[in-house]
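K.L.:
query29.txt is reproduced in full below (compact mmCIF, C-alpha atoms).
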# COMPACT_ATOMS: atom_id res chain seq x y z
CA MET Q 169 -23.68 -2.96 9.90
CA ASP Q 170 -25.72 0.08 8.89
CA LEU Q 171 -24.16 1.53 5.74
CA ASN Q 172 -26.38 4.60 5.66
CA LEU Q 173 -24.47 7.68 6.72
CA SER Q 174 -25.74 9.77 9.58
CA PRO Q 175 -26.37 13.46 8.87
CA GLU Q 176 -23.17 14.19 10.79
CA ASN Q 177 -21.12 11.91 8.59
CA GLU Q 178 -22.78 13.22 5.43
CA ALA Q 179 -21.61 16.66 6.54
CA PHE Q 180 -18.18 15.19 7.28
CA ARG Q 181 -17.96 13.73 3.76
CA GLN Q 182 -18.84 17.12 2.32
CA GLU Q 183 -16.20 18.79 4.50
CA VAL Q 184 -13.47 16.38 3.41
CA GLY Q 185 -14.44 16.54 -0.26
CA ASP Q 186 -14.58 20.32 -0.24
CA PHE Q 187 -11.17 20.54 1.40
CA VAL Q 188 -9.53 18.14 -1.07
CA ARG Q 189 -11.06 19.85 -4.10
CA ALA Q 190 -10.00 23.28 -2.84
CA ASN Q 191 -6.46 22.41 -1.77
CA LEU Q 192 -5.13 19.58 -3.97
CA PRO Q 193 -2.71 21.15 -6.51
CA GLY Q 194 -4.13 20.94 -10.01
CA ASP Q 195 -1.06 19.37 -11.59
CA ILE Q 196 -1.17 16.52 -9.07
CA ARG Q 197 -4.91 16.02 -9.67
CA ASP Q 198 -4.35 15.89 -13.44
CA LYS Q 199 -1.59 13.32 -13.08
CA MET Q 200 -3.71 11.12 -10.82
CA LYS Q 201 -6.74 11.37 -13.15
CA GLN Q 202 -4.58 9.98 -15.95
CA GLY Q 203 -3.69 7.00 -13.77
CA LEU Q 204 -0.03 8.00 -13.47
CA LEU Q 205 1.98 7.30 -10.33
CA PRO Q 206 2.71 10.41 -8.24
CA ASP Q 207 6.40 10.99 -7.55
CA LYS Q 208 7.89 11.69 -4.14
CA GLU Q 209 7.70 15.46 -4.56
CA ASP Q 210 3.98 15.24 -5.45
CA VAL Q 211 3.21 13.20 -2.36
CA VAL Q 212 5.25 15.43 -0.05
CA ARG Q 213 3.53 18.56 -1.38
CA TRP Q 214 0.13 17.05 -0.71
CA ILE Q 215 1.07 15.56 2.68
CA THR Q 216 2.37 18.96 3.79
CA ILE Q 217 -1.09 20.37 3.08
CA LEU Q 218 -2.78 17.51 4.94
CA ASN Q 219 -0.37 17.83 7.87
CA ALA Q 220 -1.23 21.51 8.29
CA LYS Q 221 -4.87 20.42 8.52
CA GLY Q 222 -4.00 17.62 10.98
CA TRP Q 223 -5.22 14.87 8.64
CA VAL Q 224 -2.07 12.88 7.83
CA ALA Q 225 -2.56 9.94 10.21
CA PRO Q 226 -6.25 9.65 11.08
CA ALA Q 227 -5.92 6.15 12.58
CA TRP Q 228 -3.16 7.09 15.06
CA PRO Q 229 -3.99 7.70 18.73
CA VAL Q 230 -4.84 11.35 19.30
CA GLU Q 231 -1.93 11.81 21.70
CA HIS Q 232 0.48 10.99 18.88
CA GLY Q 233 -1.17 13.15 16.22
CA GLY Q 234 -4.26 11.20 15.18
CA THR Q 235 -7.60 12.82 14.39
CA GLY Q 236 -9.90 11.01 16.80
CA TRP Q 237 -12.18 10.04 13.90
CA ASP Q 238 -14.27 6.91 14.15
CA THR Q 239 -14.00 4.00 11.72
CA GLN Q 240 -16.61 5.29 9.31
CA GLN Q 241 -15.02 8.73 9.17
CA ILE Q 242 -11.60 7.25 8.37
CA TYR Q 243 -13.18 5.24 5.59
CA ILE Q 244 -15.03 8.28 4.25
CA PHE Q 245 -11.76 10.20 4.26
CA GLN Q 246 -10.04 7.50 2.19
CA GLU Q 247 -12.98 7.34 -0.23
CA GLU Q 248 -12.90 11.10 -0.75
CA LEU Q 249 -9.16 11.07 -1.43
CA VAL Q 250 -9.68 8.47 -4.16
CA ALA Q 251 -12.81 10.12 -5.57
CA ASN Q 252 -11.02 13.47 -5.88
CA HIS Q 253 -7.81 12.02 -7.38
CA ALA Q 254 -5.58 12.78 -4.41
CA PRO Q 255 -2.47 10.66 -3.83
CA MET Q 256 -2.26 8.40 -0.82
CA GLU Q 257 1.03 8.55 1.06
CA SER Q 258 3.35 5.53 0.77
CA GLY Q 259 2.06 3.91 3.96
CA PHE Q 260 5.46 2.69 5.11
CA GLY Q 261 5.81 5.54 7.61
CA THR Q 262 2.31 6.36 8.86
CA GLY Q 263 0.73 2.97 8.21
CA LEU Q 264 3.48 0.50 9.12
CA VAL Q 265 6.47 1.63 11.14
CA ALA Q 266 4.48 4.17 13.19
CA PRO Q 267 2.08 1.57 14.68
CA VAL Q 268 5.13 -0.56 15.54
CA LEU Q 269 6.81 2.36 17.29
CA ILE Q 270 3.63 3.19 19.17
CA ALA Q 271 3.31 -0.42 20.35
CA PHE Q 272 6.96 -1.45 20.86
CA GLY Q 273 9.16 1.64 20.66
CA SER Q 274 10.89 3.38 23.54
CA GLU Q 275 9.75 6.85 24.56
CA GLU Q 276 12.94 8.23 23.00
CA GLN Q 277 12.19 6.46 19.70
CA LYS Q 278 8.60 7.74 19.64
CA ALA Q 279 9.72 11.29 20.34
CA ARG Q 280 12.41 11.08 17.66
CA TYR Q 281 10.55 9.40 14.81
CA LEU Q 282 6.79 10.00 15.07
CA PRO Q 283 6.82 13.79 14.49
CA ARG Q 284 9.09 13.34 11.47
CA ILE Q 285 6.79 10.64 10.08
CA LEU Q 286 3.83 13.02 10.34
CA SER Q 287 5.69 15.82 8.60
CA PHE Q 288 7.28 13.44 6.06
CA GLU Q 289 10.72 14.74 6.90
CA ASP Q 290 11.57 11.05 6.89
CA TRP Q 291 10.55 8.86 3.94
CA TRP Q 292 10.60 5.16 4.85
CA CYS Q 293 11.10 1.88 3.04
CA GLN Q 294 10.77 -1.70 4.25
CA GLY Q 295 13.63 -4.23 4.42
CA TYR Q 296 11.91 -7.59 4.79
CA SER Q 297 12.20 -9.87 1.74
CA GLU Q 298 15.49 -11.41 0.61
CA PRO Q 299 16.39 -13.38 -2.53
CA ASN Q 300 15.89 -16.67 -0.67
CA ALA Q 301 13.40 -15.45 1.92
CA GLY Q 302 10.33 -13.91 0.38
CA SER Q 303 7.12 -15.67 1.36
CA ASP Q 304 9.20 -17.67 3.85
CA LEU Q 305 10.25 -14.51 5.63
CA ALA Q 306 11.59 -16.31 8.72
CA ALA Q 307 14.34 -17.81 6.54
CA LEU Q 308 16.06 -14.41 6.21
CA SER Q 309 19.84 -14.41 6.53
CA CYS Q 310 20.86 -10.73 6.54
CA ARG Q 311 23.16 -10.67 9.59
CA ALA Q 312 23.66 -8.08 12.30
CA ILE Q 313 26.59 -8.78 14.64
CA ARG Q 314 27.24 -6.80 17.82
CA ASP Q 315 30.38 -4.66 17.83
CA GLY Q 316 30.59 -2.27 20.76
CA ASP Q 317 27.47 -0.11 20.80
CA ASP Q 318 26.66 -0.94 17.18
CA TYR Q 319 25.44 -3.76 15.01
CA VAL Q 320 27.42 -4.49 11.86
CA VAL Q 321 24.93 -5.43 9.13
CA ASN Q 322 25.78 -7.56 6.07
CA GLY Q 323 23.43 -9.01 3.49
CA THR Q 324 20.79 -7.92 1.02
CA LYS Q 325 17.08 -7.11 0.76
CA ILE Q 326 15.03 -7.34 -2.42
CA TRP Q 327 11.75 -5.97 -3.83
CA THR Q 328 12.34 -2.93 -1.63
CA THR Q 329 9.69 -0.44 -2.73
CA GLY Q 330 10.91 3.16 -2.79
CA ALA Q 331 14.43 2.45 -1.51
CA HIS Q 332 15.84 4.75 -4.21
CA THR Q 333 14.02 7.74 -2.68
CA ALA Q 334 13.84 6.72 1.00
CA ASP Q 335 15.69 8.42 3.84
CA LYS Q 336 15.25 5.56 6.30
CA ILE Q 337 14.58 1.84 6.39
CA PHE Q 338 13.04 -0.51 8.93
CA CYS Q 339 14.78 -3.79 8.55
CA LEU Q 340 14.61 -7.37 9.82
CA VAL Q 341 18.06 -8.82 10.54
CA ARG Q 342 19.35 -12.05 12.02
CA THR Q 343 21.10 -11.45 15.32
CA SER Q 344 21.29 -15.14 16.35
CA THR Q 345 21.34 -18.52 14.61
CA GLU Q 346 20.24 -20.46 17.69
CA GLY Q 347 16.88 -22.19 17.94
CA LYS Q 348 14.02 -22.01 15.45
CA LYS Q 349 14.38 -19.79 12.39
CA GLN Q 350 11.70 -17.43 13.77
CA GLU Q 351 13.98 -16.81 16.73
CA GLY Q 352 17.13 -14.73 16.54
CA ILE Q 353 15.54 -11.99 14.40
CA SER Q 354 15.71 -8.31 15.41
CA PHE Q 355 13.98 -5.18 14.12
CA LEU Q 356 16.28 -2.26 13.29
CA LEU Q 357 15.75 1.32 12.10
CA PHE Q 358 18.53 3.11 10.25
CA ASP Q 359 19.41 5.78 7.74
CA MET Q 360 19.68 4.94 4.05
CA ASN Q 361 22.73 7.20 3.63
CA LEU Q 362 24.98 5.16 5.94
CA PRO Q 363 28.32 4.00 4.48
CA GLY Q 364 28.08 0.52 2.98
CA ILE Q 365 24.49 0.75 1.61
CA THR Q 366 24.03 0.31 -2.14
CA VAL Q 367 20.65 0.55 -3.90
CA LYS Q 368 20.18 -1.03 -7.33
CA PRO Q 369 16.94 -0.56 -9.31
CA ILE Q 370 14.64 -3.38 -10.41
CA LEU Q 371 12.69 -2.09 -13.40
CA MET Q 372 9.24 -3.62 -13.71
CA PHE Q 373 7.71 -5.05 -16.86
CA SER Q 374 5.10 -2.28 -16.60
CA GLY Q 375 7.89 0.29 -17.01
CA ASP Q 376 7.59 1.57 -13.44
CA HIS Q 377 10.55 2.00 -11.11
CA GLU Q 378 9.24 1.19 -7.66
CA LEU Q 379 11.36 -1.80 -6.67
CA ASN Q 380 15.01 -2.14 -5.77
CA GLN Q 381 17.59 -4.47 -4.32
CA VAL Q 382 19.50 -3.08 -1.35
CA PHE Q 383 22.96 -4.33 -0.36
CA PHE Q 384 24.53 -3.91 3.09
CA ASP Q 385 28.31 -4.14 3.39
CA ASP Q 386 29.57 -3.69 6.97
CA VAL Q 387 26.87 -1.10 7.73
CA ARG Q 388 27.15 0.13 11.32
CA VAL Q 389 23.80 0.68 13.05
CA PRO Q 390 23.55 1.83 16.70
CA GLN Q 391 21.97 -0.75 18.98
CA ALA Q 392 19.78 2.08 20.27
CA ASN Q 393 17.96 1.86 16.90
CA ARG Q 394 16.60 -1.60 17.69
CA VAL Q 395 12.83 -1.72 18.31
CA GLY Q 396 11.90 -4.25 20.97
CA PRO Q 397 14.23 -6.80 22.60
CA GLU Q 398 17.08 -8.40 20.69
CA ASN Q 399 16.09 -11.67 19.00
CA LYS Q 400 12.37 -10.88 19.44
CA GLY Q 401 11.91 -9.09 16.14
CA TRP Q 402 9.63 -11.80 14.76
CA THR Q 403 6.90 -10.64 17.17
CA VAL Q 404 7.35 -7.07 15.94
CA ALA Q 405 7.42 -8.22 12.31
CA LYS Q 406 4.16 -10.16 12.59
CA TYR Q 407 2.47 -7.17 14.22
CA LEU Q 408 3.59 -4.92 11.36
CA LEU Q 409 2.44 -7.43 8.72
CA GLU Q 410 -1.05 -7.39 10.18
CA PHE Q 411 -1.17 -3.63 9.53
CA GLU Q 412 0.36 -4.07 6.06
CA ARG Q 413 -2.29 -6.63 5.13
CA GLY Q 414 -5.23 -5.20 7.03
CA GLY Q 415 -4.50 -1.54 7.58
CA ILE Q 416 -4.65 -0.27 4.01
CA SER Q 417 -8.04 -0.04 2.29
CA TYR Q 418 -8.30 -1.90 -0.98
CA THR Q 419 -11.96 -1.12 -1.60
CA PRO Q 420 -11.96 2.63 -2.41
CA PRO Q 421 -9.47 2.35 -5.32
CA VAL Q 422 -11.04 -0.90 -6.54
CA LYS Q 423 -14.50 0.72 -6.48
CA ALA Q 424 -13.10 3.69 -8.41
CA GLY Q 425 -11.61 1.27 -10.93
CA LEU Q 426 -14.95 -0.51 -11.19
CA GLU Q 427 -16.73 2.75 -12.05
CA LYS Q 428 -14.11 3.43 -14.74
CA LEU Q 429 -14.62 -0.10 -16.06
CA LYS Q 430 -18.36 0.52 -16.32
CA GLU Q 431 -17.69 3.74 -18.21
CA ILE Q 432 -15.41 1.99 -20.67
CA SER Q 433 -17.84 -0.88 -21.22
CA ARG Q 434 -20.60 1.54 -22.21
CA ILE Q 435 -18.50 2.99 -25.06
CA GLU Q 436 -18.98 1.45 -28.49
CA THR Q 437 -15.58 -0.02 -29.35
CA ALA Q 438 -14.08 0.22 -32.81
CA GLY Q 439 -14.88 -2.88 -34.82
CA SER Q 440 -16.93 -4.49 -32.04
CA GLY Q 441 -20.28 -3.46 -33.44
CA GLY Q 442 -21.64 -2.82 -29.96
CA LYS Q 443 -21.03 -2.11 -26.30
CA LEU Q 444 -19.64 -4.61 -23.85
CA VAL Q 445 -22.51 -3.90 -21.44
CA ASP Q 446 -24.76 -5.48 -24.09
CA ASP Q 447 -22.81 -8.74 -23.86
CA PRO Q 448 -24.64 -11.01 -21.37
CA ASP Q 449 -21.45 -12.83 -20.35
CA PHE Q 450 -19.65 -9.57 -19.66
CA ARG Q 451 -22.67 -8.20 -17.75
CA ARG Q 452 -22.75 -11.32 -15.60
CA ASP Q 453 -19.04 -11.10 -14.81
CA LEU Q 454 -19.34 -7.39 -14.05
CA ALA Q 455 -22.28 -7.95 -11.69
CA LYS Q 456 -20.42 -10.75 -9.90
CA LEU Q 457 -17.34 -8.56 -9.51
CA GLU Q 458 -19.39 -5.68 -8.09
CA THR Q 459 -21.15 -8.00 -5.62
CA GLU Q 460 -17.86 -9.41 -4.38
CA ILE Q 461 -16.31 -5.93 -4.05
CA THR Q 462 -19.29 -4.90 -1.91
CA ALA Q 463 -18.92 -8.01 0.25
CA ASN Q 464 -15.22 -7.32 0.69
CA GLU Q 465 -16.02 -3.76 1.70
CA MET Q 466 -18.01 -5.13 4.64
CA SER Q 467 -15.07 -7.22 5.80
CA GLU Q 468 -12.74 -4.30 5.34
CA LYS Q 469 -14.89 -2.06 7.51
CA ARG Q 470 -14.92 -4.68 10.27
CA VAL Q 471 -11.11 -4.75 10.23
CA MET Q 472 -10.97 -0.96 10.31
CA SER Q 473 -13.35 -1.02 13.27
CA ALA Q 474 -10.82 -3.11 15.21
CA LEU Q 475 -8.08 -0.66 14.27
CA SER Q 476 -10.10 2.32 15.44
CA LEU Q 477 -10.55 0.68 18.85
CA GLY Q 478 -6.79 0.35 19.24
CA GLN Q 479 -6.69 -3.32 18.32
CA ASN Q 480 -4.47 -4.95 15.73
CA PRO Q 481 -6.38 -6.63 12.90
CA GLY Q 482 -5.10 -10.15 13.63
CA ALA Q 483 -5.85 -13.01 11.25
CA ALA Q 484 -8.75 -11.08 9.72
CA SER Q 485 -6.16 -8.98 7.91
CA SER Q 486 -5.22 -12.06 5.88
CA MET Q 487 -8.80 -12.38 4.62
CA PHE Q 488 -8.80 -8.67 3.86
CA LYS Q 489 -5.56 -8.83 1.92
CA LEU Q 490 -6.43 -12.06 0.09
CA ARG Q 491 -9.79 -10.89 -1.22
CA GLY Q 492 -8.76 -7.29 -1.84
CA SER Q 493 -5.74 -8.16 -3.96
CA GLU Q 494 -7.59 -10.79 -5.99
CA LEU Q 495 -10.50 -8.43 -6.69
CA GLN Q 496 -8.06 -5.73 -7.72
CA GLN Q 497 -6.54 -8.09 -10.28
CA ARG Q 498 -9.92 -9.22 -11.60
CA MET Q 499 -11.05 -5.61 -12.02
CA LEU Q 500 -7.92 -4.85 -14.07
CA GLU Q 501 -8.31 -8.04 -16.13
CA MET Q 502 -11.83 -6.97 -17.09
CA THR Q 503 -10.55 -3.45 -17.84
CA MET Q 504 -7.98 -4.89 -20.24
CA LYS Q 505 -10.73 -6.89 -21.91
CA ALA Q 506 -12.90 -3.79 -22.22
CA ILE Q 507 -10.11 -1.70 -23.76
CA GLY Q 508 -9.37 -4.50 -26.19
CA ASN Q 509 -6.64 -4.01 -28.80
CA TYR Q 510 -5.55 -0.70 -27.28
CA ALA Q 511 -4.28 -2.62 -24.25
CA ASN Q 512 -1.96 -4.78 -26.31
CA VAL Q 513 0.86 -2.35 -27.00
CA TYR Q 514 2.03 1.09 -25.94
CA GLN Q 515 1.02 3.55 -28.68
CA PRO Q 516 1.68 7.08 -27.37
CA ASP Q 517 0.94 8.79 -30.69
CA ALA Q 518 -2.56 7.34 -30.68
CA PHE Q 519 -3.42 8.93 -27.35
CA ILE Q 520 -3.04 12.60 -28.21
CA PRO Q 521 -6.39 14.30 -27.50
CA GLY Q 522 -8.09 15.30 -30.74
CA ASN Q 523 -6.72 12.42 -32.80
CA ASN Q 524 -9.33 10.63 -34.81
CA VAL Q 525 -9.23 7.47 -32.74
CA ASP Q 526 -11.61 5.40 -30.68
CA PRO Q 527 -12.76 7.46 -27.65
CA ILE Q 528 -11.53 4.74 -25.32
CA ALA Q 529 -7.91 5.34 -26.25
CA PRO Q 530 -7.09 8.85 -25.05
CA ASN Q 531 -8.87 8.39 -21.74
CA HIS Q 532 -7.99 4.93 -20.58
CA ALA Q 533 -5.44 2.94 -22.52
CA VAL Q 534 -2.31 4.96 -21.77
CA THR Q 535 -1.86 3.48 -18.31
CA ALA Q 536 -4.13 0.42 -18.35
CA THR Q 537 -1.42 -2.01 -19.42
CA ALA Q 538 1.08 -0.60 -16.92
CA LYS Q 539 -1.46 -0.90 -14.08
CA TYR Q 540 -2.37 -4.43 -15.13
CA PHE Q 541 1.22 -5.65 -15.06
CA ASN Q 542 2.08 -3.69 -11.92
CA GLN Q 543 -0.77 -5.27 -9.99
CA ARG Q 544 0.10 -8.83 -10.97
CA ALA Q 545 2.28 -8.61 -7.86
CA ALA Q 546 -0.66 -7.75 -5.59
CA THR Q 547 -1.24 -11.41 -4.74
CA ILE Q 548 2.44 -11.85 -3.87
CA TYR Q 549 3.60 -8.79 -1.91
CA ALA Q 550 2.79 -8.50 1.82
CA GLY Q 551 2.48 -12.30 1.87
CA SER Q 552 1.32 -14.34 -1.12
CA SER Q 553 -2.24 -15.58 -1.43
CA GLU Q 554 -1.02 -19.07 -0.53
CA VAL Q 555 0.48 -17.73 2.72
CA GLN Q 556 -2.77 -15.89 3.54
CA ARG Q 557 -4.82 -19.06 3.00
CA ASN Q 558 -2.52 -20.98 5.33
CA ILE Q 559 -2.95 -18.30 8.02
CA ILE Q 560 -6.73 -18.36 7.62
CA ALA Q 561 -6.78 -22.14 7.78
CA LYS Q 562 -4.73 -22.20 10.98
CA HIS Q 563 -5.94 -19.20 12.94
CA VAL Q 564 -9.54 -18.79 11.73
CA LEU Q 565 -10.67 -22.30 10.79
CA GLY Q 566 -8.48 -24.12 13.30
CA LEU Q 567 -7.21 -26.62 10.75
Please express what this file holds, its structure, as structure tokens.
P.N.:
Amino acid sequence: MDLNLSPENEAFRQEVGDFVRANLPGDIRDKMKQGLLPDKEDVVRWITILNAKGWVAPAWPVEHGGTGWDTQQIYIFQEELVANHAPMESGFGTGLVAPVLIAFGSEEQKARYLPRILSFEDWWCQGYSEPNAGSDLAALSCRAIRDGDDYVVNGTKIWTTGAHTADKIFCLVRTSTEGKKQEGISFLLFDMNLPGITVKPILMFSGDHELNQVFFDDVRVPQANRVGPENKGWTVAKYLLEFERGGISYTPPVKAGLEKLKEISRIETAGSGGKLVDDPDFRRDLAKLETEITANEMSEKRVMSALSLGQNPGAASSMFKLRGSELQQRMLEMTMKAIGNYANVYQPDAFIPGNNVDPIAPNHAVTATAKYFNQRAATIYAGSSEVQRNIIAKHVLGL
């Protein structure tokens, strides 16, 4: 793979970067530069700007609103968003449920949902995991029983990212108990404001509120909202998981984090008597991390190439997700080490610009601990690392 950009793609990078720098609202840029999570209103404001440009869903087919960009251009676009501190949209709409609708949805469902996903009139969340069915997703028990033209849904979903702000949910439910546990599962779309839905927050150790538990009590969902045949939702679910694991780029944000780590390690830390880049052990670990991030980037671009050709990523997405999430964690572990004592506790008074404190503190330590704890889940969500290794062993190595 030739990593050198053609003159055309160099011009494309400049075009994207210029557009982001000129149009991203300053308050959103400042928030992202500090490492803070953008809220829903921030993302919608930015997506509205991207939608007017036609750049919300670059990987979609052109007939549904995609850009027609090639793989390298999509990757350049993502890199420029990260480099210029622009928020990425949640991914549940454009990156997950939209590919499912394009592949399995009826024409009526495509016409109804895809335009609203592009405009972010609908904000989606994912109802997959349950208290006793996380990594073993096929063991889910949330039931949907036919009643006239509806399903009546009872049960619960957990670790539901963004359910407290979502308008809609795509949900796996059990419509039959016959046969293997992978059978009898259906894929439903429904509104989050239906009677009988209760959302309870799960506050993370990092202090973030992203996760929730969602309860369904006799929730009536029209059968017309089912995607694909009844009891064949496992096929739909596996297709979506390939996009969740392989359709979101890990490398651009990890590379950005690596550059920040290098910056921190060059600063003389209080009481250390030197810079971490002068420590041979740290230099070795940093070089190894950078080499592995570069290697993962190559794999990631191969997966994105399959996506750009209209293919699903298949088992390669498990390799992508496994390595990307582990490298993300290692980068943050080294960042915590570089920040040192400032990463131990939350000290807001110490981070006011102009205070006579170590220069690391005001620039990096405010959010480092929160990011570190938040991303401990990276090797669990979307299928744990153990699950990914099993998939690789079976479908890639033939074991």
K.L.:
Compile the contact shell of Lys505 in chain Q as a ChimeraX atom specification: residues with an atom at most 10 Å away, counting only C-alpha atoms, same-chain residues fewer than 6 positions apart removed.
P.N.:
/Q:429,433,444,450,499,511
K.L.:
Just the selected residues (C-alpha atoms), exported as a PDB file, in the frame of the given file, please.
P.N.:
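Here's the written file selection_10.pdb:
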ATOM      1  CA  LEU Q 429     -14.620  -0.100 -16.060  1.00  0.00           C
ATOM      2  CA  SER Q 433     -17.840  -0.880 -21.220  1.00  0.00           C
ATOM      3  CA  LEU Q 444     -19.640  -4.610 -23.850  1.00  0.00           C
ATOM      4  CA  PHE Q 450     -19.650  -9.570 -19.660  1.00  0.00           C
ATOM      5  CA  MET Q 499     -11.050  -5.610 -12.020  1.00  0.00           C
ATOM      6  CA  ALA Q 511      -4.280  -2.620 -24.250  1.00  0.00           C
TER       7      ALA Q 511
END
K.L.:
Counting only C-alpha atoms, what is within 7 Å of Val268 in chain Q, bar same-chain residues fewer than 4 positions away, as an mmCIF file with C-alpha atoms, keeping the file's coordinate frame?
P.N.:
data_model
loop_
_atom_site.group_PDB
_atom_site.id
_atom_site.type_symbol
_atom_site.label_atom_id
_atom_site.label_comp_id
_atom_site.auth_asym_id
_atom_site.auth_seq_id
_atom_site.Cartn_x
_atom_site.Cartn_y
_atom_site.Cartn_z
ATOM 1 C CA LEU Q 264 3.480 0.500 9.120
ATOM 2 C CA PHE Q 272 6.960 -1.450 20.860
ATOM 3 C CA GLY Q 273 9.160 1.640 20.660
ATOM 4 C CA VAL Q 404 7.350 -7.070 15.940
ATOM 5 C CA LEU Q 408 3.590 -4.920 11.360
#
K.L.:
If we count all atoms listed in the file, what is near range 338-349 of chain Q at a cut-off of 7 Å, once residues fewer than 5 positions away on the same chain are taken out, given as a list in words?
P.N.:
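In the requested format, the answer is Cys293, Gln294, Gly295, Tyr296, Ala306, Ala307, Ser309, Cys310, Arg311, Ala312, Ile313, Ser354, Phe355, Leu356, Leu357, Phe358 and Asn399 of chain Q.
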K.L.:
My list of candidates is Q:Ile432, Q:Val564, Q:Val321, Q:Leu500. Which is closest to Lys539 in chain Q when distances are computed with only C-alpha atoms?
P.N.:
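Nearest to Lys539 in chain Q: Q:Leu500.
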K.L.:
Can you work out which one of Q:Tyr319, Q:Trp237, Q:Tyr243, Q:Trp228 has the shortest atom-to-atom distance to Pro420 in chain Q, counting all atoms listed in the file?
P.N.:
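Counting all atoms listed in the file, the residue closest to Pro420 in chain Q is Q:Tyr243.
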K.L.:
Restricting the calculation to only C-alpha atoms, which member of Q:Leu249, Q:Pro255, Q:Thr333, Q:Ser486 is positioned closest to Lys199 in chain Q?
P.N.:
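Comparing Q:Leu249, Q:Pro255, Q:Thr333, Q:Ser486 against Lys199 in chain Q, the winner is Q:Pro255.
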K.L.:
So how far away is CA of Ile370 in chain Q from CA of Glu298 in chain Q, in Å?
P.N.:
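We find that CA of Glu298 in chain Q and CA of Ile370 in chain Q lie 13.7 Å from each other.
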K.L.:
In Å to one decimal, how far is CA of Lys430 in chain Q from CA of Phe187 in chain Q?
P.N.:
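Answer for the CA of Phe187 in chain Q to CA of Lys430 in chain Q separation: 27.7 Å.
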